[in-house]
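Asker: First the structure, then my questions, so here it is.
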Amino acid sequence: MNRLPLSRVTRVALVSLMSLLAIPACSDDENDGPFADPNPSTGQGSPDAGAPDSGTPDSGPGTPDSGTPDSGTTVWPQEFTCEGKEAHALTFNPGQEQQLQNAVNDLKPCTTITLGAGTFHFDNAVTIRADGITFQGAGRGAQGEGTGGAASTVLDFSAAAANTNGLDVVGKLFTLRDVALWNAQKDALRVENSSNVFIQRIRTEWERENQSSNGKYGIYPVKSRYVVVEDCEAYNAADAGIYVGQTRYAIIRRNIAKKNVAGIEIENTKFAYVEGNTAIDNTTGLVVFDLPGNPIQGTDVLVTKNTITGNNRHNFASDSGSSSTVSQVPAGTGTFILASRRVEFVGNTWGNNNTVDIAVLSGLAIEPNPVLWSAGFFNFSTSDVYVHHNTFLGGSGESVDSGTPSLAERPLGFLIANLYAYGKAAAGVDRVEHVLWDGIDPAPRNESVANGMNLCFTNNTLPATTKAAVVDLDLEAVQKKLMAATPDIVGAWGETRRYNQGATPFNCTGFRPALKLP
Amino acid sequence: MRSPYMTRLGLAAVLLAAAVAACSGGEEDDSRIGEIPDAGDAGNPSTPDSGPDAGNPDAGEDGGADAGNDGGTDAGPEDGGSDAGSDAGSDAGSDAGPPPGTVTIPDVLSGYNLFTGTPAGGDFKPVEGNIPYELTTPLFSDYSLKSRTLYIPAGKAALYSADAVLDLPVGTIITKTFAFPADFREPDKNVRPLETRVLVRQPQPVGWVAYPYVWNDALTEATLASGGKVFKDFTFIDTEGVTRKFDYLVPQRNQCQKCHHMVDEQDNQHLLPIGVKARYLNREHTYGLQPVNQLQHLASLGKLEGLPPTQQIPRAPDAFNAGEADLTQRARTYLDINCAHCHNPKAQPGITSRLFLDIKTTDEFSLGYCKRPGSAGGGVGGEFDIVPGSHDTSILWFRMHTEISGKMMPEIGRALRHEAGAQLIADWIDAMPARSCK
């Protein structure tokens with residue numbers, strides 16, 4: 001990734017860090033509002049993240065959603081309500097773009113904006129800064145449609161002013177549904193600092209595949225609370241198709257993300273259900289991570305019933321010469337978990353991801369200076385990752401970075417590619433195992449504790465050809481040997497350890513991550 | 001591994017403090033934001049500014065009866081003018097009517113009665129009491145010429161602040177007219193105004209609101225355009241004689257908040273003026289025939305209270321006059337007026353990026369020295385906001401210099417590069433003792 005791991009972290013710094021953090025021996029658990037009490041039934045085995053609902057249109061046009069997600073048993077709090085307030089309704093059709101722009105800049109709370117079918121051409125972002133707004137079209141249309149039809153509404157931002165997003169929202173109790181956002185200059189849908197957000201049946205898309213200039217994110221709720229993204233589609237984003245970041249309480253379900261650099265990203269987010277999504281043909285499919293410098297520590301993420309296959313698209317994110325995280329991900333990474341804790345994967349399907357199905361990484365792998373993780377209370381470490389009762393189809397790990405490793409652009413992929421080239425030639429290991437753990441956390445590494453970060457891999461369905469299931473890469477040691485003046489590939493390979501499913505230490509007998517999910 | 005945090009406090013102290021703080025039981029992000037010192041830009045919209053000033057006569061209501069300092073030329077907004085009846089934004093569906101002092105927002109700029117004449121007639125000028133002013137260093141906006149006016153209602157005055165935005169009373173109206181000459185080599189000829197932005201301070205809980213008015217082609221009137229407007233392929237001839245073509249963006253009302261905002265303790269955003277600070281107003285302007293210090297002028301009109309003796313008033317230099325201040329002061333001033341309305345500890349982009357470019361910030365890390373951005377995206381010229389001694393590997397300079405959508409800063413408000421501004425920041429970074437940020 002950005003820099004090879006631990007290259008600039010002295011052991012002294014890490015030792016002092018860990019000892020200091022140990023002194024107060026405090027819990028990083030937080031009582032987060034109304035869900036302070038974990039529901040013990042949600043943590044283990046049978047996630048009740050909400051049976052997929054029927055997909056029938058909810059409360060119908062004109063009425064803001066009730067704010068009740070059909071997931072779990074607890075009703076989310078609502079920070080704003082339209083009950084008892086005057087409702088307003090506005091309707092616009094193609095050709096009335098300027099009227100629409102004027103109206104959304106003078107919005108009264110609790111207004112429903114309905115767009116007729118067809119194509120709306122905008123020369124600027126559509127911005128909403130009001131509470132209780134519903135914004136709805138006639139339908140999101142199908143992949144590839146840049147022109148709205150009789151039953152679809154396309155918001156075309158192809159000719160919008162530079163540096164603008166497509167739909168740009170700050171508001172409480174916001175609902176968006178049944179539109180397509182086409183060729184945004186930056187983010188197609190950006191929702192920021194908002195609460196009770198419902199994003200339903202929308203499509204975000206850029207016309208051309210594999211363009212680093214394809215805006216940024218498709219669906220991008222950030223710094224928000226109580227967010228639902230469901231039944232949406234995201235295509236061709238040069239960053240993430242669907243991104244939920246710096247958010248508390250999110251449900252991401254039944255979405256389709258294809259042809260993006262990252263399909264679905266859950267970043268610095270607390271309490272997320274990620275259920276029933278399809279992430280296919282991205283550079284990386286569905287990822288969970290924290291970034292350095294962000295004050296929200298991501299925890300409690302349940303990833304269930306998702307399909308994460310064939311994510312082998314070459315990385316077309318904008319130039320990797322900087323600090324972008326996704327630009328450094330090798331093609332063919334089904335899922336990576338980085339700087340994350342209390343993450344459970346159950347009932348998902350992985351397969352045909354060229355590099356690896358799941359990579360479990362320390363935040364120190366992308367930012368080795370622990371001080372830069374101070375904003376999130378040193379949240380660089382990954383721990384309590386529970387991968388169980390999933391299906392692995394096979395075909396993964398056979399062509400790292402889809403055969404185009406680059407030391408300059410994607411160094412971690414380059415290192416793994418070289419290591420496994422040796423493994424194939426000399427050790428009969430012909431593919432990267434289903435789960436690759438970088439072996440960094442807890443840092444500093446203690447060889448006498450084989451799985452101190454609590455990574456569990458049990459009861460998954462594996463292809464018959466599977467040999468080992470999990471590899472502990474010991475990246476620091478491997479890197480040291482590979483990057484020495486005289487590279488020692490034999491020694492580097494010797495540092496890695498492979499484990500079959502069910503073998504200690506990754507069978508985690510009795511382990512429960514006990515996600516605190518409402 | 002060297003970073004300003006460590007040189008200042010030592011790694012152990014930082015870690016220990018963080019670890020202890022982690023046990024405080026508070027919401028981690030909120031508690032940290034709360035520790036950040038005030039940027040000085042707040043203007044305190046959340047503190048009572050006498051609220052709906054019940055009891056005091058308001059400019060909006062006393063109409064022409066005012067015989068005060070304005071010399072009878074009351075420029076006050078008329079309340080209940082017939083042209084305002086169709087305004088959709090002001091009635092808010094309330095039965096109670098607007099609170100006292102509320103300025104009714106007209107559909108056309110002339111409805112404010114703040115100007116006489118028209119640009120078409122060449123006699124467009126502020127009425128008496130609508131006071132023109134300039135800034136020592138203005139914010140850059142695609143090379144547009146700007147003329148600014150400040151109207152403070154009769155019987156009211158602003159309260160001086162040494163570093164924050166002047167505390168302007170309810171009913172205050174600030175206007176800024178953006179214009180381009182056809183040819184910048186003759187900047188006084190063929191000047192075409194595009195828009196006039198109006199900031200109005202309404203009674204609480206509304207506070208400051210922003211309205212863009214777009215001039216018609218005949219230049220006889222400017223009409224409220226809440227949704228903004230894009231002047232596609234707008235052209236002018238620059239000082240070098242080169243024809244420049246770009247899309248000029250009149251911001252939507254909602255986009256005004258991108259720059260004009262601060263976040264209060266409750267995480268609510270408030271709109272706020274940017275330039276109306278003592279240090280930027282501390283210069284001369286010609287009123288009548290006499291150049292007078294603008295702050296003194298306001299005070300002599302009774303429109304500014306609490307003005308300290310001249311030598312105690314801070315002054316931001318002209319960032320492009322090397323005779324006024326050293327390179328660092330001028331560069332910091334440029335960043336302060338152009339960037340710090342977002343990049344300060346009380347604005348969302350500052351909170352997100354931890355990059356604070358306001359004039360009060362002194363610690364090098366917050367200023368960007370060897371600081372990695374949280375999520376800069378790709379291709380922004382480097383890994384660090386500022387690499388001392390190396391402007392062309394500094395993201396800060398890259399973002400100011402580039403014209404690439406999605407990478408340039410500020411996010412809105414410019415499509416063209418400010419050559420002189422980018423050069424100033426390049427010179428400043430290059431003059432820093434070189435340092436490796438690795």
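Every chain in the structure tokens takes a letter, A first, then B, and so on in the order presented; its residues are numbered from 1, and the ligands are numbered from 1 following the presented order.
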Compile the contact shell of Thr239 in chain B as a ChimeraX atom specification: residues with an atom at most 12 Å away, counting only C-alpha atoms, same-chain residues fewer than 5 positions apart removed.

Answerer: /B:143,181-187,244,419

Asker: Next, dump the selected residues to file, keeping only C-alpha atoms, as an mmCIF file, in the first residue's frame.

Answerer:
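That gives us selection_30.cif:
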data_model
loop_
_atom_site.group_PDB
_atom_site.id
_atom_site.type_symbol
_atom_site.label_atom_id
_atom_site.label_comp_id
_atom_site.auth_asym_id
_atom_site.auth_seq_id
_atom_site.Cartn_x
_atom_site.Cartn_y
_atom_site.Cartn_z
ATOM 1 C CA TYR B 143 -10.242 37.729 -11.131
ATOM 2 C CA PRO B 181 -14.137 44.498 -17.535
ATOM 3 C CA ALA B 182 -14.014 43.311 -21.108
ATOM 4 C CA ASP B 183 -10.252 43.866 -21.012
ATOM 5 C CA PHE B 184 -8.253 43.932 -17.790
ATOM 6 C CA ARG B 185 -5.736 46.221 -19.426
ATOM 7 C CA GLU B 186 -8.478 48.830 -19.275
ATOM 8 C CA PRO B 187 -10.205 47.805 -16.075
ATOM 9 C CA ARG B 244 -9.755 33.780 -21.057
ATOM 10 C CA GLU B 419 -1.348 33.057 -10.581
#

Asker: Can you list, as a VMD selection string, every residue of range 235-371 of chain A that DSSP puts in strand (DSSP E)?

Answerer: chain A and resid 235 240 to 245 248 to 253 256 to 258 262 to 267 270 to 275 278 to 280 284 to 289 299 to 304 307 to 309 333 to 338 341 to 346 349 to 351 356 to 361

Asker: Considering only C-alpha atoms, state which residue in the set B:Cys370, B:Leu272, B:Cys342, B:Leu168 is at the smallest distance from chain A.

Answerer: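 That would be B:Cys370, the residue with the smallest distance to chain A.
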
Asker: Grab the CA of Gln136 in chain A to CA of Leu224 in chain B distance for me, in Å with one decimal place.

Answerer: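 Pair CA of Gln136 in chain A / CA of Leu224 in chain B returns 26.4 Å.
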
Asker: Contacts of Phe506 in chain A at 8 Å or less, counting only C-alpha atoms, minus same-chain residues fewer than 3 places along, as a PyMOL selection string?

Answerer: chain A and resi 451+454-458+499+501-503

Asker: Can I get the selection written as a PDB file, in the first residue's frame, with all heavy atoms?

Answerer:
ATOM      1  N   ASN A 451      -2.287 -15.751  17.781  1.00  0.00           N
ATOM      2  CA  ASN A 451      -3.445 -15.064  17.198  1.00  0.00           C
ATOM      3  C   ASN A 451      -3.967 -14.056  18.198  1.00  0.00           C
ATOM      4  O   ASN A 451      -5.123 -14.097  18.624  1.00  0.00           O
ATOM      5  CB  ASN A 451      -4.519 -16.096  16.823  1.00  0.00           C
ATOM      6  CG  ASN A 451      -5.737 -15.450  16.164  1.00  0.00           C
ATOM      7  OD1 ASN A 451      -5.701 -14.289  15.759  1.00  0.00           O
ATOM      8  ND2 ASN A 451      -6.815 -16.212  16.070  1.00  0.00           N
ATOM      9  N   ASN A 454      -7.255 -12.061  17.603  1.00  0.00           N
ATOM     10  CA  ASN A 454      -8.555 -12.731  17.624  1.00  0.00           C
ATOM     11  C   ASN A 454      -9.214 -12.763  16.253  1.00  0.00           C
ATOM     12  O   ASN A 454     -10.307 -12.239  16.057  1.00  0.00           O
ATOM     13  CB  ASN A 454      -9.484 -12.062  18.650  1.00  0.00           C
ATOM     14  CG  ASN A 454     -10.323 -13.094  19.393  1.00  0.00           C
ATOM     15  OD1 ASN A 454     -10.157 -14.292  19.177  1.00  0.00           O
ATOM     16  ND2 ASN A 454     -11.205 -12.631  20.243  1.00  0.00           N
ATOM     17  N   LEU A 455      -8.545 -13.370  15.335  1.00  0.00           N
ATOM     18  CA  LEU A 455      -9.095 -13.620  13.997  1.00  0.00           C
ATOM     19  C   LEU A 455      -9.608 -15.054  13.963  1.00  0.00           C
ATOM     20  O   LEU A 455      -8.857 -15.992  14.231  1.00  0.00           O
ATOM     21  CB  LEU A 455      -8.003 -13.412  12.946  1.00  0.00           C
ATOM     22  CG  LEU A 455      -8.264 -13.940  11.531  1.00  0.00           C
ATOM     23  CD1 LEU A 455      -9.462 -13.252  10.903  1.00  0.00           C
ATOM     24  CD2 LEU A 455      -7.029 -13.762  10.661  1.00  0.00           C
ATOM     25  N   CYS A 456     -10.865 -15.217  13.633  1.00  0.00           N
ATOM     26  CA  CYS A 456     -11.460 -16.550  13.675  1.00  0.00           C
ATOM     27  C   CYS A 456     -11.962 -16.952  12.300  1.00  0.00           C
ATOM     28  O   CYS A 456     -12.592 -16.153  11.607  1.00  0.00           O
ATOM     29  CB  CYS A 456     -12.637 -16.563  14.646  1.00  0.00           C
ATOM     30  SG  CYS A 456     -12.123 -16.058  16.278  1.00  0.00           S
ATOM     31  N   PHE A 457     -11.693 -18.167  11.937  1.00  0.00           N
ATOM     32  CA  PHE A 457     -12.108 -18.665  10.630  1.00  0.00           C
ATOM     33  C   PHE A 457     -12.611 -20.079  10.826  1.00  0.00           C
ATOM     34  O   PHE A 457     -11.829 -21.022  10.937  1.00  0.00           O
ATOM     35  CB  PHE A 457     -10.914 -18.612   9.663  1.00  0.00           C
ATOM     36  CG  PHE A 457     -11.288 -18.894   8.235  1.00  0.00           C
ATOM     37  CD1 PHE A 457     -11.781 -17.887   7.430  1.00  0.00           C
ATOM     38  CD2 PHE A 457     -11.143 -20.162   7.697  1.00  0.00           C
ATOM     39  CE1 PHE A 457     -12.123 -18.138   6.103  1.00  0.00           C
ATOM     40  CE2 PHE A 457     -11.496 -20.419   6.371  1.00  0.00           C
ATOM     41  CZ  PHE A 457     -11.983 -19.398   5.573  1.00  0.00           C
ATOM     42  N   THR A 458     -13.930 -20.231  10.908  1.00  0.00           N
ATOM     43  CA  THR A 458     -14.487 -21.543  11.231  1.00  0.00           C
ATOM     44  C   THR A 458     -15.770 -21.806  10.460  1.00  0.00           C
ATOM     45  O   THR A 458     -16.497 -20.880  10.095  1.00  0.00           O
ATOM     46  CB  THR A 458     -14.845 -21.647  12.735  1.00  0.00           C
ATOM     47  OG1 THR A 458     -15.727 -20.576  13.064  1.00  0.00           O
ATOM     48  CG2 THR A 458     -13.610 -21.566  13.594  1.00  0.00           C
ATOM     49  N   TYR A 499      -2.477 -22.261   7.858  1.00  0.00           N
ATOM     50  CA  TYR A 499      -3.349 -22.997   8.774  1.00  0.00           C
ATOM     51  C   TYR A 499      -4.559 -23.530   8.022  1.00  0.00           C
ATOM     52  O   TYR A 499      -5.158 -22.824   7.205  1.00  0.00           O
ATOM     53  CB  TYR A 499      -3.822 -22.081   9.909  1.00  0.00           C
ATOM     54  CG  TYR A 499      -2.684 -21.509  10.720  1.00  0.00           C
ATOM     55  CD1 TYR A 499      -2.046 -20.331  10.310  1.00  0.00           C
ATOM     56  CD2 TYR A 499      -2.228 -22.154  11.870  1.00  0.00           C
ATOM     57  CE1 TYR A 499      -0.987 -19.804  11.041  1.00  0.00           C
ATOM     58  CE2 TYR A 499      -1.168 -21.630  12.608  1.00  0.00           C
ATOM     59  CZ  TYR A 499      -0.554 -20.459  12.193  1.00  0.00           C
ATOM     60  OH  TYR A 499       0.489 -19.950  12.906  1.00  0.00           O
ATOM     61  N   GLN A 501      -8.476 -24.800   7.922  1.00  0.00           N
ATOM     62  CA  GLN A 501      -9.683 -24.435   8.674  1.00  0.00           C
ATOM     63  C   GLN A 501      -9.888 -25.427   9.812  1.00  0.00           C
ATOM     64  O   GLN A 501      -9.729 -26.636   9.632  1.00  0.00           O
ATOM     65  CB  GLN A 501     -10.910 -24.435   7.764  1.00  0.00           C
ATOM     66  CG  GLN A 501     -12.186 -24.098   8.535  1.00  0.00           C
ATOM     67  CD  GLN A 501     -13.349 -23.735   7.640  1.00  0.00           C
ATOM     68  OE1 GLN A 501     -13.810 -22.625   7.639  1.00  0.00           O
ATOM     69  NE2 GLN A 501     -13.801 -24.701   6.847  1.00  0.00           N
ATOM     70  N   GLY A 502     -10.234 -24.878  10.935  1.00  0.00           N
ATOM     71  CA  GLY A 502     -10.472 -25.716  12.098  1.00  0.00           C
ATOM     72  C   GLY A 502      -9.240 -25.911  12.965  1.00  0.00           C
ATOM     73  O   GLY A 502      -9.351 -26.383  14.094  1.00  0.00           O
ATOM     74  N   ALA A 503      -8.081 -25.540  12.427  1.00  0.00           N
ATOM     75  CA  ALA A 503      -6.864 -25.704  13.212  1.00  0.00           C
ATOM     76  C   ALA A 503      -6.688 -24.526  14.157  1.00  0.00           C
ATOM     77  O   ALA A 503      -7.122 -23.410  13.863  1.00  0.00           O
ATOM     78  CB  ALA A 503      -5.657 -25.820  12.280  1.00  0.00           C
TER      79      ALA A 503
END
